[in-house]
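For reference, the structure is listed below as structure tokens.
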Amino acid sequence: MMDLPNYFIADLPSHAELTPGMLTEACQALRRNRQQYLLGRPTQAIVDTLCEVAHNWLQPDDPFRAIALEQGPAATGFSRPTLERGLDALFKRINTTEVHALVLQELGHVERLDRFVVTEAELKTGRTAIATGPEMLVHFTAGNLPSPSILSLALGLLARSAQFVKCARGNDLLPRLFAHSLYAIEPKLASCLELATWEGGHRGLETALFDQADCVTAQGTDATLADIQSRLPQRVRFLGYGHRVSFGYVTREVLSRFHARELAAEAARDVAAWDQLGCLSPHLFYVESGGSVTPELFGQLLAEQLEKLQAVEPRAPLDPEVAAAVASRQSLYGVRAANCPDTRIWHSPDATAWTVVFEEDPRFQTSCLHRFIYVKGVSDPGEALQGAAAVQGAVSTVALAAMGTRAQELALELARWGVTRLCPVGRMQDPPLPWRHDGRPSLGDLVTWTDWEQ
Amino acid sequence: MADNQPRDFQQNRMTLDFFEDYRRRLTGRLAQDPGLTEGEFDRWALELFRLQYAHVTPYRRLCDRLGRTPDGVTHWSLIPSVPAAAFKEFDLTSLPERDRAEVFHSSGTTGQKPSRHYHSQSSLRCYTDLVIPWFKTHLLPDRERLTVISLVPSVDHAPHSSLAHMMDSVLRRCGLPDSVSLGRVTDEGAWVLDLDGLVGRLQRQAAADAACLVAGTAYGFVHLIDHLQLRKLHLPLPTGSRLMETGGYKGRSRELEKVELHRRLTQALGVPESHIVSEYGMSELGSQAYDRRVGASGPRVFRFPSWCRVRVLQPGSTLAPPSGTPGLLTLFDLANLRSVLALQTEDLGVAEGEGFAYVERARNAELRGCSRMHL
């Protein structure tokens, strides 16, 4: 296995037993290190370090990237090309421009975390202000993808928080590698981070950790979030990111014979990214009828593109029970396709690697994921949104393929309906760094402000 | 008129005759010797496939779509299989409506559509006949009859349960006159046990030193165990007694791992592990598999009778997984006379010689319906 040094709790052999006392001590050390090494550091220095780490990850010969690609497939269940694409997309976003944009967007001034600064609006009211991050920030990360935990760590560093990441079991490799890559450049900054893994719900460990926390972020199911929140002391701020679903909406105007194939290729990339396992991955594409390319034909084009992608970016092998669930769905839709005029199915030859199901039925259908995508024909957005009523309020991203005034109208309609992010088809799993996670300012939600009226 | 109903009486007559003729010949052949060789099974299966292709419309459409029709399929293992879930949506039967004397429903979780497996009087008789020899081979290898205490409701109470029909046949043909069904059905359709009546009955068996066969679902047995534990009762059954447990839990009781369930059963009822037999069956399937012959020891392997064959396949593929790796169970059952003989289950198993070791059921959510099927 890998020989990363034991810098973090998560580096200890898996048989090493964690105790509540260990976590309390770790948090106390983190607080001291924060005081000493992080609190007084200028934002620009932190940005520089983060961008250097990200830049290194993008280099083909970076040792941490090499370990991630070598051991990642076994540890995370993603194929090497899927990991490569996902990590590239993530680390390209961590650059000076986007980090500055994030701080400016959420705090109004790039030096807001360093000193009292003033914006035009504040000037008019005779105030200056500074923002301060929580002293001790704790993250509970979900299992699916590595990117949210790495982004959480980056945000926490900007907020100058000491951070403790509780990784989902079996999903600590990439957050650990990220922490080690930071250590390699700035060991003092890395000494303000701690990572550990245990089976979620461990009362003893978690109580010790919550006692030390000032703010807790968590990703997971509604039940997990509610459980965590119910156990937090009153003074602890809680930021929960619940389960979300995403989908695509393709208007008839963009479905020319010329553009449809290209659009299908982009849609296939959305399906293949992280093997469709993130909240930002699409469960289905609503496709309007009445264009030169019918919704059904779009399904076929999408199938062709998924087959092409499979050759260069194969879907990860599945555990038998997951594969069985996918295969059972394929077989059932096979029977439907033979018997219903408005159902069709395309899938990888003799395998579960990818599946496209076309249905006229506009009701939202949750996919079994792992590159299993629905294409649903609709006559207008009203029909789609009525069909998606069951998931209203739980939708993250809609990939929108529309032009001109229709795009404007649709965007407004979707926003009012409750969608928190719109993006072009092909970019669903690649949000810009300053994106507002589930419609909330992610850095802004971490900090507390001090206004100074003069 | 629905598509899969014969258009006139004459055609109906002929359909019946084909299947009736097949049934007579098959049951006659099995009555002589229940063992079908591989070659014989292949011939019977291909013949039945031809009949079902011709007379089960949704199935024929599937075969056509897959391009695997009787003229092209040369071996039983290549006969297209139907996923068990399709029985919830399609009438996979060659029986015209007027001949559907009985329908078996799956015991799906509340709120889900049940599957429908239709029988005529004749195919029902075929089912209850074929249940017996394989049951006796495993549960009664040492005697002709025994007192059977069934935890399953009787056919009167659960007319649409394949298990109730099976146990009804077992009681009549393998049970001593004092055999009894102690399962009940609530107004909501849930299966329950008259636990006090059952315990009283088991106590009398013990007092009379009369061995018995207790048969029920896994969750029924869990209820019994919990009840005995609550009452601090230890109820050792007489030597020679045996248990048959079947089926999953579907949220109806605490779930116990099979090994744990058997251990607890031995503890509570004094029946040794060698006398506890697991049955594998489902409403969409005419035949049953058993994982042990009463009195035998050694690893448990489910085996079907010679007229039902199993293939363990890589999910989504027609290939077998590497040895020792779980795959989806696909069953080819000649007892599925009037439905479809090739059935793809949602169960995972590991191939063990001619049989399989059961692993678990694949997780799959209920899917929204196909809104405009033409049936």
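Every chain in the structure tokens has a letter given in the order shown (A, B, ...), and although residue numbers restart at 1 in each chain, ligands are simply numbered from 1 in the order shown.
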Counting only C-alpha atoms, what is within 8 Å of stretch 191-195 of chain B, bar same-chain residues fewer than 2 positions away, as a VMD selection string? chain B and resid 151 to 153 182 to 186 189 197 to 199 220 224 227
Write out as a ChimeraX atom specification the set of residues from stretch 138-227 of chain B that DSSP, computed on the backbone, places in helix (DSSP H, G or I). /B:138-139,162-174,195-207,218-227
Each residue of chain A with at least one atom at most 12 Å from chain B should appear once, together with its nearest atom pair and the corresponding distance in Å (one decimal); atoms considered: only C-alpha atoms; ordering: chain, then increasing residue number; output as CSV.
residue,atom,partner,partner_atom,distance
A:Pro317,CA,B:Pro315,CA,11.5
A:Leu318,CA,B:Pro315,CA,9.7
A:Asp319,CA,B:Pro326,CA,9.3
A:Pro320,CA,B:Pro326,CA,6.4
A:Glu321,CA,B:Ala362,CA,5.2
A:Val322,CA,B:Ala362,CA,7.1
A:Ala323,CA,B:Pro315,CA,5.6
A:Ala324,CA,B:Pro315,CA,5.0
A:Ala325,CA,B:Asn364,CA,5.5
A:Val326,CA,B:Gly316,CA,7.7
A:Ala327,CA,B:Gly316,CA,4.6
A:Ser328,CA,B:Glu346,CA,6.6
A:Arg329,CA,B:Asn364,CA,7.9
A:Gln330,CA,B:Gly316,CA,7.5
A:Ser331,CA,B:Pro83,CA,5.9
A:Leu332,CA,B:Ala86,CA,5.9
A:Tyr333,CA,B:Ala86,CA,8.9
A:Gly334,CA,B:Leu62,CA,7.1
A:Val335,CA,B:Leu62,CA,5.6
A:Arg336,CA,B:Cys370,CA,7.0
A:Ala337,CA,B:Leu62,CA,8.0
A:Ala338,CA,B:Leu62,CA,5.0
A:Asn339,CA,B:Met373,CA,6.0
A:Cys340,CA,B:Met373,CA,4.4
A:Pro341,CA,B:Met373,CA,7.0
A:Asp342,CA,B:Arg372,CA,7.3
A:Thr343,CA,B:Cys370,CA,7.5
A:Arg344,CA,B:Arg65,CA,10.8
A:Ile345,CA,B:Arg65,CA,10.9
A:Trp346,CA,B:Leu66,CA,11.8
A:His347,CA,B:Gly316,CA,9.5
A:Ser348,CA,B:Gly316,CA,9.1
A:Pro349,CA,B:Ser317,CA,8.4
A:Asp350,CA,B:Ser317,CA,4.6
A:Ala351,CA,B:Gly316,CA,4.7
A:Thr352,CA,B:Gly316,CA,5.4
A:Ala353,CA,B:Gly316,CA,9.0
A:Trp354,CA,B:Gly316,CA,10.6
A:Thr355,CA,B:Gly316,CA,10.7
A:Val357,CA,B:Cys370,CA,11.8
A:Phe358,CA,B:Cys370,CA,11.0
A:Glu359,CA,B:Cys370,CA,8.1
A:Glu360,CA,B:Ser371,CA,8.5
A:Asp361,CA,B:Ser371,CA,6.7
A:Pro362,CA,B:Ser371,CA,10.1
A:Arg363,CA,B:Arg368,CA,7.8
A:Phe364,CA,B:Arg368,CA,8.8
A:Gln365,CA,B:Arg368,CA,7.0
A:Thr366,CA,B:Leu367,CA,8.6
A:Ser367,CA,B:Ala365,CA,9.5
A:Cys368,CA,B:Asn364,CA,8.1
A:Leu369,CA,B:Asn364,CA,11.8
A:Gly387,CA,B:Arg368,CA,11.5
Mind writing the picked residues with N, CA and C atoms as a compact mmCIF listing (two decimals), in the first residue's frame?
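Printed below is part.txt as written:
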# COMPACT_ATOMS: atom_id res chain seq x y z
N PRO A 317 -15.90 -0.86 -12.57
CA PRO A 317 -16.59 -2.13 -12.33
C PRO A 317 -17.52 -2.01 -11.12
N LEU A 318 -18.62 -2.72 -11.14
CA LEU A 318 -19.60 -2.61 -10.05
C LEU A 318 -19.58 -3.85 -9.17
N ASP A 319 -19.94 -3.67 -7.92
CA ASP A 319 -20.19 -4.81 -7.05
C ASP A 319 -21.38 -5.58 -7.64
N PRO A 320 -21.40 -6.90 -7.42
CA PRO A 320 -22.48 -7.68 -8.03
C PRO A 320 -23.87 -7.18 -7.69
N GLU A 321 -24.10 -6.74 -6.44
CA GLU A 321 -25.48 -6.36 -6.11
C GLU A 321 -25.90 -5.06 -6.80
N VAL A 322 -24.93 -4.15 -6.99
CA VAL A 322 -25.24 -2.93 -7.72
C VAL A 322 -25.46 -3.25 -9.19
N ALA A 323 -24.56 -4.08 -9.74
CA ALA A 323 -24.70 -4.48 -11.14
C ALA A 323 -26.04 -5.18 -11.36
N ALA A 324 -26.45 -5.98 -10.37
CA ALA A 324 -27.71 -6.71 -10.50
C ALA A 324 -28.89 -5.75 -10.54
N ALA A 325 -28.81 -4.68 -9.74
CA ALA A 325 -29.90 -3.70 -9.75
C ALA A 325 -29.98 -3.01 -11.11
N VAL A 326 -28.82 -2.67 -11.67
CA VAL A 326 -28.80 -2.04 -13.00
C VAL A 326 -29.34 -3.01 -14.05
N ALA A 327 -28.85 -4.25 -13.99
CA ALA A 327 -29.26 -5.25 -14.99
C ALA A 327 -30.76 -5.53 -14.90
N SER A 328 -31.30 -5.57 -13.68
CA SER A 328 -32.72 -5.84 -13.53
C SER A 328 -33.54 -4.72 -14.18
N ARG A 329 -33.07 -3.50 -13.99
CA ARG A 329 -33.78 -2.38 -14.63
C ARG A 329 -33.69 -2.48 -16.14
N GLN A 330 -32.48 -2.81 -16.63
CA GLN A 330 -32.33 -2.96 -18.09
C GLN A 330 -33.32 -3.99 -18.63
N SER A 331 -33.42 -5.13 -17.93
CA SER A 331 -34.29 -6.20 -18.44
C SER A 331 -35.74 -5.76 -18.44
N LEU A 332 -36.15 -5.09 -17.37
CA LEU A 332 -37.54 -4.68 -17.29
C LEU A 332 -37.87 -3.69 -18.41
N TYR A 333 -36.97 -2.72 -18.63
CA TYR A 333 -37.23 -1.78 -19.71
C TYR A 333 -37.15 -2.47 -21.06
N GLY A 334 -36.39 -3.57 -21.15
CA GLY A 334 -36.37 -4.36 -22.38
C GLY A 334 -37.76 -4.91 -22.68
N VAL A 335 -38.43 -5.42 -21.65
CA VAL A 335 -39.79 -5.95 -21.84
C VAL A 335 -40.74 -4.80 -22.19
N ARG A 336 -40.60 -3.69 -21.48
CA ARG A 336 -41.46 -2.55 -21.79
C ARG A 336 -41.25 -2.08 -23.22
N ALA A 337 -39.97 -1.98 -23.62
CA ALA A 337 -39.67 -1.48 -24.96
C ALA A 337 -40.30 -2.37 -26.02
N ALA A 338 -40.35 -3.68 -25.74
CA ALA A 338 -40.94 -4.59 -26.71
C ALA A 338 -42.46 -4.45 -26.76
N ASN A 339 -43.05 -3.93 -25.69
CA ASN A 339 -44.50 -3.92 -25.58
C ASN A 339 -45.15 -2.54 -25.55
N CYS A 340 -44.36 -1.50 -25.30
CA CYS A 340 -44.94 -0.16 -25.22
C CYS A 340 -44.40 0.65 -26.38
N PRO A 341 -45.27 1.31 -27.10
CA PRO A 341 -44.79 2.08 -28.25
C PRO A 341 -43.96 3.29 -27.84
N ASP A 342 -44.07 3.72 -26.58
CA ASP A 342 -43.38 4.95 -26.19
C ASP A 342 -42.24 4.71 -25.21
N THR A 343 -41.68 3.53 -25.25
CA THR A 343 -40.49 3.25 -24.44
C THR A 343 -39.42 2.64 -25.34
N ARG A 344 -38.20 3.11 -25.19
CA ARG A 344 -37.08 2.47 -25.90
C ARG A 344 -35.90 2.38 -24.96
N ILE A 345 -35.05 1.42 -25.23
CA ILE A 345 -33.84 1.28 -24.40
C ILE A 345 -32.65 0.96 -25.28
N TRP A 346 -31.54 1.59 -24.95
CA TRP A 346 -30.26 1.27 -25.56
C TRP A 346 -29.29 1.01 -24.41
N HIS A 347 -28.47 0.00 -24.55
CA HIS A 347 -27.44 -0.18 -23.51
C HIS A 347 -26.19 -0.83 -24.08
N SER A 348 -25.13 -0.77 -23.30
CA SER A 348 -23.85 -1.32 -23.73
C SER A 348 -24.05 -2.80 -24.05
N PRO A 349 -23.40 -3.29 -25.10
CA PRO A 349 -23.61 -4.67 -25.50
C PRO A 349 -23.22 -5.64 -24.38
N ASP A 350 -24.14 -6.48 -23.99
CA ASP A 350 -23.88 -7.54 -23.03
C ASP A 350 -23.27 -7.04 -21.71
N ALA A 351 -23.66 -5.86 -21.28
CA ALA A 351 -23.08 -5.34 -20.04
C ALA A 351 -23.92 -4.21 -19.47
N THR A 352 -23.52 -3.74 -18.30
CA THR A 352 -24.25 -2.67 -17.62
C THR A 352 -23.53 -1.33 -17.71
N ALA A 353 -22.51 -1.21 -18.57
CA ALA A 353 -21.64 -0.03 -18.55
C ALA A 353 -22.40 1.28 -18.77
N TRP A 354 -23.38 1.28 -19.63
CA TRP A 354 -24.20 2.49 -19.81
C TRP A 354 -25.57 2.08 -20.32
N THR A 355 -26.57 2.90 -20.03
CA THR A 355 -27.95 2.61 -20.44
C THR A 355 -28.67 3.92 -20.72
N VAL A 357 -32.65 5.10 -21.41
CA VAL A 357 -34.06 4.71 -21.54
C VAL A 357 -34.82 5.93 -22.02
N PHE A 358 -35.52 5.77 -23.12
CA PHE A 358 -36.40 6.84 -23.59
C PHE A 358 -37.84 6.49 -23.19
N GLU A 359 -38.54 7.49 -22.61
CA GLU A 359 -39.95 7.31 -22.27
C GLU A 359 -40.71 8.59 -22.57
N GLU A 360 -41.95 8.44 -22.98
CA GLU A 360 -42.80 9.62 -23.16
C GLU A 360 -43.27 10.14 -21.80
N ASP A 361 -43.42 9.23 -20.85
CA ASP A 361 -43.93 9.56 -19.52
C ASP A 361 -43.07 10.65 -18.86
N PRO A 362 -43.63 11.83 -18.59
CA PRO A 362 -42.80 12.93 -18.07
C PRO A 362 -42.51 12.85 -16.58
N ARG A 363 -43.05 11.87 -15.89
CA ARG A 363 -42.81 11.82 -14.44
C ARG A 363 -41.33 11.62 -14.16
N PHE A 364 -40.82 12.36 -13.18
CA PHE A 364 -39.40 12.25 -12.82
C PHE A 364 -39.11 10.84 -12.36
N GLN A 365 -38.07 10.25 -12.90
CA GLN A 365 -37.69 8.90 -12.50
C GLN A 365 -36.26 8.94 -11.98
N THR A 366 -36.10 8.55 -10.72
CA THR A 366 -34.77 8.51 -10.15
C THR A 366 -33.99 7.39 -10.82
N SER A 367 -32.78 7.69 -11.24
CA SER A 367 -31.97 6.68 -11.92
C SER A 367 -31.28 5.79 -10.90
N CYS A 368 -30.87 4.59 -11.33
CA CYS A 368 -30.04 3.75 -10.46
C CYS A 368 -28.57 4.15 -10.62
N LEU A 369 -28.32 5.20 -11.40
CA LEU A 369 -27.00 5.82 -11.59
C LEU A 369 -25.99 4.85 -12.21
N GLY A 387 -44.12 17.06 -14.08
CA GLY A 387 -43.60 15.69 -13.93
C GLY A 387 -42.58 15.60 -12.81
Long-range neighbours of stretch 166-173 of chain B as a PyMOL selection string, 12 Å cut-off, only C-alpha atoms, 4 positions minimum in chain: chain B and resi 104+124-136+139-140+144-162+177-183+212-217+244-246+279+281-283+285-288
Neighbour list for A:Pro5 as number ranges by chain, cut-off 12 Å, only C-alpha atoms, skip fewer than 5 positions in-chain: A: 10-13, 176-177, 179-181, 183-184
Long-range neighbours of A:Ala394 as a VMD selection string, 7 Å cut-off, only C-alpha atoms, 3 positions minimum in chain: chain A and resid 244 to 245 391
Go through stretch 111-301 of chain B and collect every residue that DSSP, computed from the backbone, puts in strand (DSSP E or B); the answer should be as number ranges by chain. B: 116-119, 146-153, 175, 180-185, 191-193, 212-217, 242-246, 276-280, 289-290
